[in-house]
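Peer 1: Sharing structure.cif here; it has mmCIF, C-alpha atoms.
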data_protein
#
loop_
_atom_site.group_PDB
_atom_site.id
_atom_site.type_symbol
_atom_site.label_atom_id
_atom_site.label_comp_id
_atom_site.auth_asym_id
_atom_site.auth_seq_id
_atom_site.Cartn_x
_atom_site.Cartn_y
_atom_site.Cartn_z
ATOM 1 C CA MET A 1 -166.137 98.601 127.724
ATOM 2 C CA SER A 2 -165.615 96.177 124.841
ATOM 3 C CA PRO A 3 -164.256 97.489 121.512
ATOM 4 C CA ARG A 4 -167.563 96.618 119.824
ATOM 5 C CA ALA A 5 -169.608 98.571 122.387
ATOM 6 C CA ASP A 6 -167.176 101.482 122.172
ATOM 7 C CA SER A 7 -167.490 101.537 118.381
ATOM 8 C CA GLN A 8 -171.282 101.466 118.603
ATOM 9 C CA ARG A 9 -171.236 104.354 121.076
ATOM 10 C CA TRP A 10 -169.228 106.527 118.688
ATOM 11 C CA LEU A 11 -171.429 105.541 115.754
ATOM 12 C CA ALA A 12 -174.581 106.381 117.720
ATOM 13 C CA ALA A 13 -173.157 109.818 118.535
ATOM 14 C CA ALA A 14 -172.379 110.384 114.849
ATOM 15 C CA ALA A 15 -175.871 109.349 113.774
ATOM 16 C CA ALA A 16 -177.544 111.505 116.441
ATOM 17 C CA LEU A 17 -175.567 114.576 115.419
ATOM 18 C CA TRP A 18 -176.251 114.043 111.708
ATOM 19 C CA LEU A 19 -179.972 113.518 112.265
ATOM 20 C CA ALA A 20 -180.207 116.633 114.442
ATOM 21 C CA LEU A 21 -178.508 118.715 111.744
ATOM 22 C CA ALA A 22 -180.720 117.224 109.028
ATOM 23 C CA ALA A 23 -183.955 117.912 110.909
ATOM 24 C CA PRO A 24 -185.851 120.684 109.054
ATOM 25 C CA PRO A 25 -186.136 123.192 111.944
ATOM 26 C CA LEU A 26 -182.430 123.199 112.814
ATOM 27 C CA ARG A 27 -181.286 122.854 109.203
ATOM 28 C CA GLY A 28 -183.398 125.780 108.063
ATOM 29 C CA TRP A 29 -182.251 127.960 110.939
ATOM 30 C CA LEU A 30 -178.557 127.254 110.376
ATOM 31 C CA GLU A 31 -178.812 127.817 106.632
ATOM 32 C CA SER A 32 -180.669 131.113 107.064
ATOM 33 C CA SER A 33 -177.397 132.836 107.971
ATOM 34 C CA MET A 34 -174.106 132.681 106.092
ATOM 35 C CA VAL A 35 -172.196 132.661 109.383
ATOM 36 C CA TRP A 36 -174.160 129.768 110.834
ATOM 37 C CA HIS A 37 -174.161 127.905 107.540
ATOM 38 C CA MET A 38 -170.417 128.070 106.904
ATOM 39 C CA LEU A 39 -168.956 128.237 110.392
ATOM 40 C CA VAL A 40 -171.373 126.052 112.351
ATOM 41 C CA GLN A 41 -173.287 123.656 110.113
ATOM 42 C CA LEU A 42 -170.376 122.623 107.885
ATOM 43 C CA PRO A 43 -167.971 121.899 110.785
ATOM 44 C CA LEU A 44 -170.668 119.997 112.679
ATOM 45 C CA LEU A 45 -171.472 117.879 109.625
ATOM 46 C CA ALA A 46 -167.773 117.133 109.244
ATOM 47 C CA GLY A 47 -167.707 116.348 112.963
ATOM 48 C CA ALA A 48 -170.472 113.780 112.516
ATOM 49 C CA GLY A 49 -168.407 112.089 109.832
ATOM 50 C CA PHE A 50 -165.325 112.241 112.058
ATOM 51 C CA LEU A 51 -167.199 110.441 114.852
ATOM 52 C CA ALA A 52 -168.269 107.773 112.367
ATOM 53 C CA GLY A 53 -164.628 107.419 111.335
ATOM 54 C CA VAL A 54 -163.564 106.952 114.954
ATOM 55 C CA ALA A 55 -166.257 104.270 115.292
ATOM 56 C CA TRP A 56 -164.921 102.526 112.198
ATOM 57 C CA LEU A 57 -161.341 102.611 113.482
ATOM 58 C CA ARG A 58 -162.495 100.931 116.715
ATOM 59 C CA SER A 59 -164.653 98.317 115.035
ATOM 60 C CA GLY A 60 -163.902 94.644 114.519
ATOM 61 C CA GLY A 61 -165.005 91.792 112.312
ATOM 62 C CA VAL A 62 -166.233 92.567 108.815
ATOM 63 C CA ALA A 63 -166.032 96.333 109.404
ATOM 64 C CA ALA A 64 -162.367 96.015 110.381
ATOM 65 C CA ARG A 65 -161.586 94.058 107.226
ATOM 66 C CA ALA A 66 -163.409 96.650 105.128
ATOM 67 C CA LEU A 67 -161.375 99.353 106.876
ATOM 68 C CA GLN A 68 -158.153 97.559 106.067
ATOM 69 C CA ALA A 69 -159.129 97.355 102.401
ATOM 70 C CA THR A 70 -160.073 101.049 102.360
ATOM 71 C CA GLN A 71 -156.854 102.134 104.033
ATOM 72 C CA SER A 72 -154.833 100.316 101.384
ATOM 73 C CA PHE A 73 -155.786 103.216 99.083
ATOM 74 C CA ASN A 74 -154.846 105.800 101.711
ATOM 75 C CA ALA A 75 -151.092 105.412 102.059
ATOM 76 C CA GLY A 76 -149.757 107.802 104.653
ATOM 77 C CA GLY A 77 -153.212 109.376 104.985
ATOM 78 C CA ALA A 78 -152.549 111.698 102.043
ATOM 79 C CA THR A 79 -155.434 110.524 99.846
ATOM 80 C CA GLY A 80 -158.086 111.077 102.510
ATOM 81 C CA ILE A 81 -156.768 114.464 103.605
ATOM 82 C CA ILE A 82 -156.566 115.783 100.033
ATOM 83 C CA ALA A 83 -160.081 114.553 99.225
ATOM 84 C CA ALA A 84 -161.483 116.067 102.429
ATOM 85 C CA SER A 85 -159.767 119.388 101.693
ATOM 86 C CA PHE A 86 -161.332 119.645 98.244
ATOM 87 C CA VAL A 87 -164.793 118.822 99.583
ATOM 88 C CA MET A 88 -164.652 121.436 102.355
ATOM 89 C CA LEU A 89 -163.264 124.108 100.029
ATOM 90 C CA LEU A 90 -166.020 123.524 97.488
ATOM 91 C CA TRP A 91 -168.767 124.030 100.077
ATOM 92 C CA MET A 92 -167.099 127.167 101.464
ATOM 93 C CA LEU A 93 -167.134 128.828 98.033
ATOM 94 C CA PRO A 94 -169.988 131.300 97.383
ATOM 95 C CA ARG A 95 -171.492 129.116 94.657
ATOM 96 C CA GLY A 96 -171.441 126.109 96.942
ATOM 97 C CA LEU A 97 -173.204 127.969 99.739
ATOM 98 C CA ASP A 98 -175.782 129.388 97.324
ATOM 99 C CA ALA A 99 -176.440 125.994 95.758
ATOM 100 C CA ALA A 100 -176.930 124.348 99.148
ATOM 101 C CA ARG A 101 -179.221 127.163 100.291
ATOM 102 C CA LEU A 102 -181.391 127.346 97.177
ATOM 103 C CA ASP A 103 -181.421 123.790 95.783
ATOM 104 C CA LEU A 104 -182.578 120.806 97.854
ATOM 105 C CA ALA A 105 -180.594 118.381 95.692
ATOM 106 C CA PHE A 106 -177.343 120.231 96.378
ATOM 107 C CA ASP A 107 -178.239 120.518 100.048
ATOM 108 C CA ALA A 108 -178.703 116.745 100.193
ATOM 109 C CA LEU A 109 -175.364 116.312 98.438
ATOM 110 C CA LYS A 110 -173.748 118.494 101.097
ATOM 111 C CA PHE A 111 -175.202 116.308 103.854
ATOM 112 C CA VAL A 112 -173.476 113.311 102.241
ATOM 113 C CA THR A 113 -170.126 114.694 101.097
ATOM 114 C CA VAL A 114 -169.220 116.831 104.112
ATOM 115 C CA PRO A 115 -169.631 113.944 106.611
ATOM 116 C CA LEU A 116 -167.584 111.796 104.229
ATOM 117 C CA ALA A 117 -164.872 114.448 104.388
ATOM 118 C CA GLY A 118 -164.910 114.270 108.177
ATOM 119 C CA LEU A 119 -164.742 110.478 108.015
ATOM 120 C CA ALA A 120 -161.746 110.710 105.674
ATOM 121 C CA VAL A 121 -159.947 112.976 108.145
ATOM 122 C CA ALA A 122 -160.581 110.530 111.009
ATOM 123 C CA LEU A 123 -159.138 107.658 108.968
ATOM 124 C CA SER A 124 -156.219 109.664 107.593
ATOM 125 C CA TRP A 125 -154.963 111.860 110.442
ATOM 126 C CA PRO A 126 -153.394 109.043 112.530
ATOM 127 C CA ARG A 127 -151.473 107.893 109.437
ATOM 128 C CA LEU A 128 -150.006 111.311 108.595
ATOM 129 C CA PRO A 129 -146.329 111.953 109.413
ATOM 130 C CA VAL A 130 -145.598 114.869 111.744
ATOM 131 C CA ILE A 131 -144.352 117.098 108.924
ATOM 132 C CA ALA A 132 -147.487 116.421 106.878
ATOM 133 C CA ARG A 133 -149.648 117.336 109.867
ATOM 134 C CA ALA A 134 -147.818 120.651 110.142
ATOM 135 C CA VAL A 135 -148.460 121.310 106.442
ATOM 136 C CA VAL A 136 -152.173 120.582 106.927
ATOM 137 C CA HIS A 137 -152.328 122.970 109.895
ATOM 138 C CA LEU A 138 -150.665 125.704 107.821
ATOM 139 C CA GLU A 139 -153.098 125.155 104.957
ATOM 140 C CA VAL A 140 -156.100 125.352 107.290
ATOM 141 C CA ILE A 141 -154.812 128.644 108.710
ATOM 142 C CA ALA A 142 -154.140 129.994 105.209
ATOM 143 C CA THR A 143 -157.633 128.952 104.084
ATOM 144 C CA PHE A 144 -159.263 130.843 106.950
ATOM 145 C CA PHE A 145 -157.301 133.972 106.064
ATOM 146 C CA ARG A 146 -157.847 133.655 102.303
ATOM 147 C CA PHE A 147 -161.596 133.237 102.588
ATOM 148 C CA GLY A 148 -161.874 135.854 105.337
ATOM 149 C CA TRP A 149 -159.959 138.443 103.340
ATOM 150 C CA GLY A 150 -161.844 137.535 100.145
ATOM 151 C CA TYR A 151 -165.266 137.979 101.726
ATOM 152 C CA LEU A 152 -164.239 141.271 103.362
ATOM 153 C CA ALA A 153 -162.533 142.736 100.299
ATOM 154 C CA ALA A 154 -165.373 141.955 97.887
ATOM 155 C CA GLU A 155 -167.219 145.112 96.848
ATOM 156 C CA GLN A 156 -170.416 143.229 96.110
ATOM 157 C CA ARG A 157 -172.316 140.251 97.449
ATOM 158 C CA LEU A 158 -170.663 136.980 96.516
ATOM 159 C CA CYS A 159 -173.557 134.841 97.779
ATOM 160 C CA LEU A 160 -176.942 135.641 96.287
ATOM 161 C CA ALA A 161 -178.696 133.909 99.179
ATOM 162 C CA TYR A 162 -177.161 136.140 101.863
ATOM 163 C CA LEU A 163 -176.938 139.872 102.536
ATOM 164 C CA ALA A 164 -173.735 141.905 102.369
ATOM 165 C CA ASP A 165 -173.706 142.391 106.155
ATOM 166 C CA ASP A 166 -173.806 138.645 106.669
ATOM 167 C CA GLN A 167 -170.901 138.278 104.242
ATOM 168 C CA THR A 168 -168.895 140.859 106.177
ATOM 169 C CA ARG A 169 -169.542 139.097 109.495
ATOM 170 C CA ALA A 170 -168.471 135.801 107.980
ATOM 171 C CA GLY A 171 -165.260 137.372 106.700
ATOM 172 C CA VAL A 172 -164.399 138.859 110.089
ATOM 173 C CA LEU A 173 -165.093 135.604 111.900
ATOM 174 C CA LEU A 174 -163.023 133.624 109.404
ATOM 175 C CA LEU A 175 -160.048 135.873 110.146
ATOM 176 C CA TRP A 176 -160.575 135.420 113.877
ATOM 177 C CA PHE A 177 -160.904 131.668 113.428
ATOM 178 C CA GLY A 178 -157.587 131.709 111.590
ATOM 179 C CA VAL A 179 -155.923 133.559 114.470
ATOM 180 C CA VAL A 180 -157.389 131.274 117.131
ATOM 181 C CA TYR A 181 -156.481 128.153 115.171
ATOM 182 C CA ALA A 182 -152.918 129.392 114.649
ATOM 183 C CA VAL A 183 -152.471 130.109 118.351
ATOM 184 C CA THR A 184 -154.008 126.766 119.311
ATOM 185 C CA VAL A 185 -151.759 124.611 117.117
ATOM 186 C CA THR A 186 -148.550 126.528 117.892
ATOM 187 C CA TRP A 187 -148.978 127.096 121.623
ATOM 188 C CA ARG A 188 -148.009 123.630 122.832
ATOM 189 C CA PRO A 189 -144.948 123.155 120.561
ATOM 190 C CA MET A 190 -143.649 126.644 121.391
ATOM 191 C CA PHE A 191 -144.631 127.130 125.037
ATOM 192 C CA GLY A 192 -145.737 123.724 126.321
ATOM 193 C CA PRO A 193 -143.596 121.375 128.384
ATOM 194 C CA ALA A 194 -140.767 119.664 126.579
ATOM 195 C CA PRO A 195 -141.350 115.993 125.767
ATOM 196 C CA HIS A 196 -139.930 113.644 128.378
ATOM 197 C CA GLN A 197 -136.603 112.151 127.374
ATOM 198 C CA GLN A 198 -135.066 109.175 129.076
ATOM 199 C CA PRO A 199 -131.510 109.469 130.331
ATOM 200 C CA GLU A 200 -128.882 108.351 127.862
ATOM 201 C CA LEU A 201 -127.941 105.397 130.071
ATOM 202 C CA ASP A 202 -131.550 104.165 130.117
ATOM 203 C CA ARG A 203 -131.791 104.354 126.335
ATOM 204 C CA VAL A 204 -128.583 102.386 125.921
ATOM 205 C CA THR A 205 -129.565 99.698 128.395
#
What is this file in C-alpha coordinates?
Peer 2:
Amino acid sequence: MSPRADSQRWLAAAAALWLALAAPPLRGWLESSMVWHMLVQLPLLAGAGFLAGVAWLRSGGVAARALQATQSFNAGGATGIIAASFVMLLWMLPRGLDAARLDLAFDALKFVTVPLAGLAVALSWPRLPVIARAVVHLEVIATFFRFGWGYLAAEQRLCLAYLADDQTRAGVLLLWFGVVYAVTVTWRPMFGPAPHQQPELDRVT
(Lines of atoms letter the chains of each structure in order from A and count residues from 1; the text may use other names and numbers.)
(Lines give C-alpha, C1' and ligand atoms only; values in the text may rest on other atoms or scores of the structure.)
Protein backbone atom coordinates (compact mmCIF):
# COMPACT_ATOMS: atom_id res chain seq x y z
CA MET A 1 0.00 0.00 0.00
CA SER A 2 1.35 3.42 -0.95
CA PRO A 3 1.95 6.03 1.78
CA ARG A 4 -0.78 8.23 0.27
CA ALA A 5 -3.35 5.40 0.33
CA ASP A 6 -2.31 4.47 3.86
CA SER A 7 -2.75 8.07 5.01
CA GLN A 8 -6.18 8.26 3.38
CA ARG A 9 -7.22 5.02 5.09
CA TRP A 10 -6.35 6.41 8.52
CA LEU A 11 -8.07 9.71 7.75
CA ALA A 12 -11.22 7.91 6.60
CA ALA A 13 -11.27 5.94 9.86
CA ALA A 14 -10.92 9.17 11.84
CA ALA A 15 -13.73 10.85 9.92
CA ALA A 16 -16.04 7.83 10.26
CA LEU A 17 -15.51 7.66 14.01
CA TRP A 18 -16.05 11.40 14.48
CA LEU A 19 -19.22 11.41 12.39
CA ALA A 20 -20.62 8.41 14.27
CA LEU A 21 -20.00 10.15 17.61
CA ALA A 22 -21.52 13.40 16.33
CA ALA A 23 -24.68 11.73 15.04
CA PRO A 24 -27.60 12.82 17.28
CA PRO A 25 -28.77 9.34 18.40
CA LEU A 26 -25.36 8.15 19.58
CA ARG A 27 -24.30 11.56 20.90
CA GLY A 28 -27.45 11.94 22.95
CA TRP A 29 -27.18 8.43 24.36
CA LEU A 30 -23.54 8.82 25.38
CA GLU A 31 -24.14 12.21 26.97
CA SER A 32 -27.15 10.97 28.94
CA SER A 33 -24.82 9.26 31.42
CA MET A 34 -21.82 10.75 33.18
CA VAL A 35 -19.95 7.46 32.86
CA TRP A 36 -20.52 7.17 29.13
CA HIS A 37 -19.89 10.86 28.58
CA MET A 38 -16.55 11.04 30.40
CA LEU A 39 -15.16 7.54 30.00
CA VAL A 40 -16.42 6.60 26.53
CA GLN A 41 -17.28 9.65 24.44
CA LEU A 42 -14.28 11.79 25.41
CA PRO A 43 -11.69 9.03 24.80
CA LEU A 44 -13.32 8.09 21.49
CA LEU A 45 -13.31 11.71 20.33
CA ALA A 46 -9.64 11.93 21.27
CA GLY A 47 -9.13 8.65 19.42
CA ALA A 48 -10.63 10.14 16.27
CA GLY A 49 -8.16 13.00 16.49
CA PHE A 50 -5.32 10.54 17.11
CA LEU A 51 -6.21 8.63 13.92
CA ALA A 52 -6.20 11.91 12.01
CA GLY A 53 -2.76 12.64 13.46
CA VAL A 54 -1.47 9.25 12.32
CA ALA A 55 -2.84 10.03 8.84
CA TRP A 56 -1.02 13.36 8.86
CA LEU A 57 2.26 11.76 9.93
CA ARG A 58 2.00 9.33 6.98
CA SER A 59 1.02 11.94 4.42
CA GLY A 60 3.17 13.49 1.72
CA GLY A 61 3.24 16.57 -0.46
CA VAL A 62 1.68 19.76 0.85
CA ALA A 63 0.36 18.02 3.99
CA ALA A 64 3.88 16.83 4.84
CA ARG A 65 5.27 20.34 4.48
CA ALA A 66 2.48 21.71 6.67
CA LEU A 67 3.31 19.02 9.23
CA GLN A 68 6.95 20.02 9.22
CA ALA A 69 6.01 23.64 9.84
CA THR A 70 3.66 22.64 12.66
CA GLN A 71 6.22 20.40 14.32
CA SER A 72 8.71 23.27 14.40
CA PHE A 73 6.58 24.64 17.27
CA ASN A 74 6.49 21.27 19.02
CA ALA A 75 10.09 20.68 20.04
CA GLY A 76 10.44 17.36 21.79
CA GLY A 77 6.66 16.90 21.68
CA ALA A 78 6.22 18.91 24.89
CA THR A 79 3.98 21.63 23.45
CA GLY A 80 1.43 19.21 22.03
CA ILE A 81 1.30 17.00 25.11
CA ILE A 82 0.83 19.95 27.48
CA ALA A 83 -1.92 21.44 25.30
CA ALA A 84 -3.70 18.08 25.02
CA SER A 85 -3.50 17.59 28.79
CA PHE A 86 -5.15 20.92 29.51
CA VAL A 87 -7.94 20.26 27.01
CA MET A 88 -8.77 16.81 28.42
CA LEU A 89 -8.66 18.05 32.01
CA LEU A 90 -11.03 20.91 31.25
CA TRP A 91 -13.66 18.58 29.77
CA MET A 92 -13.35 16.13 32.68
CA LEU A 93 -14.17 18.87 35.20
CA PRO A 94 -17.81 19.01 36.42
CA ARG A 95 -18.39 22.41 34.82
CA GLY A 96 -17.05 21.17 31.52
CA LEU A 97 -19.32 18.13 31.53
CA ASP A 98 -22.33 20.23 32.51
CA ALA A 99 -21.62 22.82 29.83
CA ALA A 100 -21.28 20.17 27.13
CA ARG A 101 -24.47 18.45 28.29
CA LEU A 102 -26.64 21.56 28.60
CA ASP A 103 -25.28 23.98 25.97
CA LEU A 104 -25.06 23.05 22.28
CA ALA A 105 -22.34 25.65 21.67
CA PHE A 106 -20.09 24.10 24.32
CA ASP A 107 -20.90 20.63 23.03
CA ALA A 108 -19.79 21.70 19.55
CA LEU A 109 -16.63 23.17 21.06
CA LYS A 110 -15.94 19.82 22.71
CA PHE A 111 -16.28 18.03 19.37
CA VAL A 112 -13.55 20.31 17.99
CA THR A 113 -11.09 20.63 20.87
CA VAL A 114 -11.02 17.03 22.09
CA PRO A 115 -10.14 15.59 18.64
CA LEU A 116 -7.49 18.30 18.36
CA ALA A 117 -6.07 17.07 21.66
CA GLY A 118 -5.90 13.54 20.27
CA LEU A 119 -4.22 14.85 17.12
CA ALA A 120 -1.66 16.69 19.25
CA VAL A 121 -0.84 13.48 21.12
CA ALA A 122 -0.33 11.58 17.84
CA LEU A 123 2.07 14.26 16.59
CA SER A 124 3.88 14.65 19.91
CA TRP A 125 4.25 11.15 21.38
CA PRO A 126 6.89 9.89 18.90
CA ARG A 127 9.00 12.98 19.66
CA LEU A 128 8.93 12.57 23.45
CA PRO A 129 12.06 11.24 25.18
CA VAL A 130 11.64 8.06 27.23
CA ILE A 131 11.77 9.91 30.55
CA ALA A 132 9.11 12.37 29.39
CA ARG A 133 6.87 9.48 28.37
CA ALA A 134 7.21 8.01 31.85
CA VAL A 135 6.23 11.37 33.36
CA VAL A 136 3.15 11.51 31.12
CA HIS A 137 2.15 7.98 32.16
CA LEU A 138 2.49 8.93 35.83
CA GLU A 139 0.38 12.06 35.33
CA VAL A 140 -2.36 10.09 33.56
CA ILE A 141 -2.46 7.60 36.45
CA ALA A 142 -2.51 10.43 39.00
CA THR A 143 -5.33 12.16 37.10
CA PHE A 144 -7.48 9.03 37.16
CA PHE A 145 -6.98 8.71 40.91
CA ARG A 146 -7.49 12.42 41.63
CA PHE A 147 -10.73 12.65 39.71
CA GLY A 148 -11.95 9.27 40.97
CA TRP A 149 -11.31 10.17 44.59
CA GLY A 150 -12.78 13.66 44.10
CA TYR A 151 -16.03 12.37 42.63
CA LEU A 152 -16.37 9.71 45.34
CA ALA A 153 -15.51 11.98 48.26
CA ALA A 154 -17.87 14.79 47.25
CA GLU A 155 -20.87 14.98 49.57
CA GLN A 156 -23.06 16.58 46.93
CA ARG A 157 -23.55 16.42 43.19
CA LEU A 158 -20.75 18.15 41.32
CA CYS A 159 -22.48 17.90 37.94
CA LEU A 160 -25.95 19.40 37.77
CA ALA A 161 -26.76 17.37 34.66
CA TYR A 162 -26.16 13.99 36.32
CA LEU A 163 -27.44 12.18 39.41
CA ALA A 164 -25.34 11.40 42.47
CA ASP A 165 -25.37 7.66 41.68
CA ASP A 166 -23.93 8.34 38.25
CA GLN A 167 -21.22 10.46 39.86
CA THR A 168 -20.36 7.63 42.25
CA ARG A 169 -20.12 5.10 39.41
CA ALA A 170 -17.86 7.44 37.48
CA GLY A 171 -15.61 7.85 40.51
CA VAL A 172 -15.30 4.10 41.03
CA LEU A 173 -14.56 3.46 37.37
CA LEU A 174 -11.95 6.23 37.29
CA LEU A 175 -10.12 4.54 40.15
CA TRP A 176 -10.28 1.20 38.36
CA PHE A 177 -9.08 2.81 35.14
CA GLY A 178 -6.13 4.21 37.07
CA VAL A 179 -5.26 0.75 38.39
CA VAL A 180 -5.58 -0.92 34.99
CA TYR A 181 -3.56 1.80 33.29
CA ALA A 182 -0.82 1.56 35.93
CA VAL A 183 -0.57 -2.21 35.53
CA THR A 184 -0.59 -1.93 31.73
CA VAL A 185 2.26 0.59 31.47
CA THR A 186 4.44 -1.06 34.13
CA TRP A 187 3.96 -4.72 33.25
CA ARG A 188 6.28 -4.89 30.26
CA PRO A 189 9.19 -2.90 31.78
CA MET A 190 9.00 -4.89 35.03
CA PHE A 191 8.04 -8.39 33.89
CA GLY A 192 8.45 -8.45 30.11
CA PRO A 193 11.43 -9.89 28.26
CA ALA A 194 14.64 -7.94 28.48
CA PRO A 195 15.56 -5.98 25.35
CA HIS A 196 17.90 -7.87 23.05
CA GLN A 197 21.51 -6.79 23.39
CA GLN A 198 24.18 -7.63 20.89
CA PRO A 199 27.35 -9.26 22.13
CA GLU A 200 30.12 -6.85 23.00
CA LEU A 201 32.25 -8.12 20.11
CA ASP A 202 29.45 -7.42 17.62
CA ARG A 203 29.02 -3.88 18.90
CA VAL A 204 32.73 -3.20 18.60
CA THR A 205 33.01 -4.62 15.11
Peer 1: I need the residue nearest Glu139 of chain A from this list: A:Leu51, A:Leu44, A:Ala78, A:Ala182. Use all atoms listed in the file for the distance.
Peer 2: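 Closest candidate: A:Ala182.
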Peer 1: Out of A:Ala105, A:Ile82, A:Met34, A:Val112, which residue has the shortest atom-to-atom distance to Gly49 of chain A when counting all atoms listed in the file?
Peer 2: A:Val112
Peer 1: For the provided coordinates, the residues matched by the PyMOL selection byres ((chain A and resi 52) around 10) should be stated as a ChimeraX atom specification.
Peer 2: /A:7-15,46-51,53-58,115-116,118-120,122-123
Peer 1: Here is a test: counting all atoms listed in the file, which residue of A:Ala99, A:Ala84, A:Ala66, A:Leu39 is nearest to Leu174 of chain A?
Peer 2: A:Leu39
Peer 1: Just say which residues the PyMOL selection byres ((chain A and resi 125) around 9) picks in this file, as a ChimeraX atom specification.
Peer 2: /A:76-78,80-81,120-124,126-129,133
Peer 1: From the set A:Thr168, A:Asp107, A:Leu19, A:Ala117, which residue has the shortest atom-to-atom contact distance to Glu155 of chain A, counting all atoms listed in the file?
Peer 2: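 Of all the options, A:Thr168 lies closest to Glu155 of chain A.
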Peer 1: Wanna dump the segment 142-182 of chain A-segment 88-98 of chain A contacts at 8 Å for me, each residue with its shortest atom pair and the distance in Å to one decimal, counting all atoms listed in the file, ordered by chain and number, as CSV?
Peer 2:
residue,atom,partner,partner_atom,distance
A:Leu158,CA,A:Pro94,CA,5.8
A:Cys159,CA,A:Pro94,CA,5.0
A:Leu160,CA,A:Asp98,CA,6.4
A:Ala161,CA,A:Asp98,CA,5.7
Peer 1: Please compute the atom CA of Gly28 of chain A-atom CA of Leu163 of chain A distance, one decimal, in Å.
Peer 2: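 Atom CA of Gly28 of chain A sits 16.5 Å away from atom CA of Leu163 of chain A.
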Peer 1: Pick from A:Ser33, A:Ala75, A:His137, A:Gln167: nearest to Gly150 of chain A, with all atoms listed in the file counted?
Peer 2: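 Among the listed residues, A:Gln167 lies closest to Gly150 of chain A.
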Peer 1: Looking at all atoms listed in the file, which of A:Phe147, A:Arg27, A:Arg169, A:Gly60 is the one that sits closest to Leu104 of chain A?
Peer 2: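 Under the stated criterion, the closest residue is A:Arg27.
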Peer 1: Name the residues in contact with Phe144 of chain A at a cut-off of 8 Å, using only C-alpha atoms, excluding same-chain residues fewer than 4 positions from it; report them as an mmCIF file with C-alpha atoms, in the frame of the given file.
Peer 2:
data_model
loop_
_atom_site.group_PDB
_atom_site.id
_atom_site.type_symbol
_atom_site.label_atom_id
_atom_site.label_comp_id
_atom_site.auth_asym_id
_atom_site.auth_seq_id
_atom_site.Cartn_x
_atom_site.Cartn_y
_atom_site.Cartn_z
ATOM 1 C CA VAL A 140 -156.100 125.352 107.290
ATOM 2 C CA GLY A 148 -161.874 135.854 105.337
ATOM 3 C CA LEU A 174 -163.023 133.624 109.404
ATOM 4 C CA LEU A 175 -160.048 135.873 110.146
ATOM 5 C CA PHE A 177 -160.904 131.668 113.428
ATOM 6 C CA GLY A 178 -157.587 131.709 111.590
#
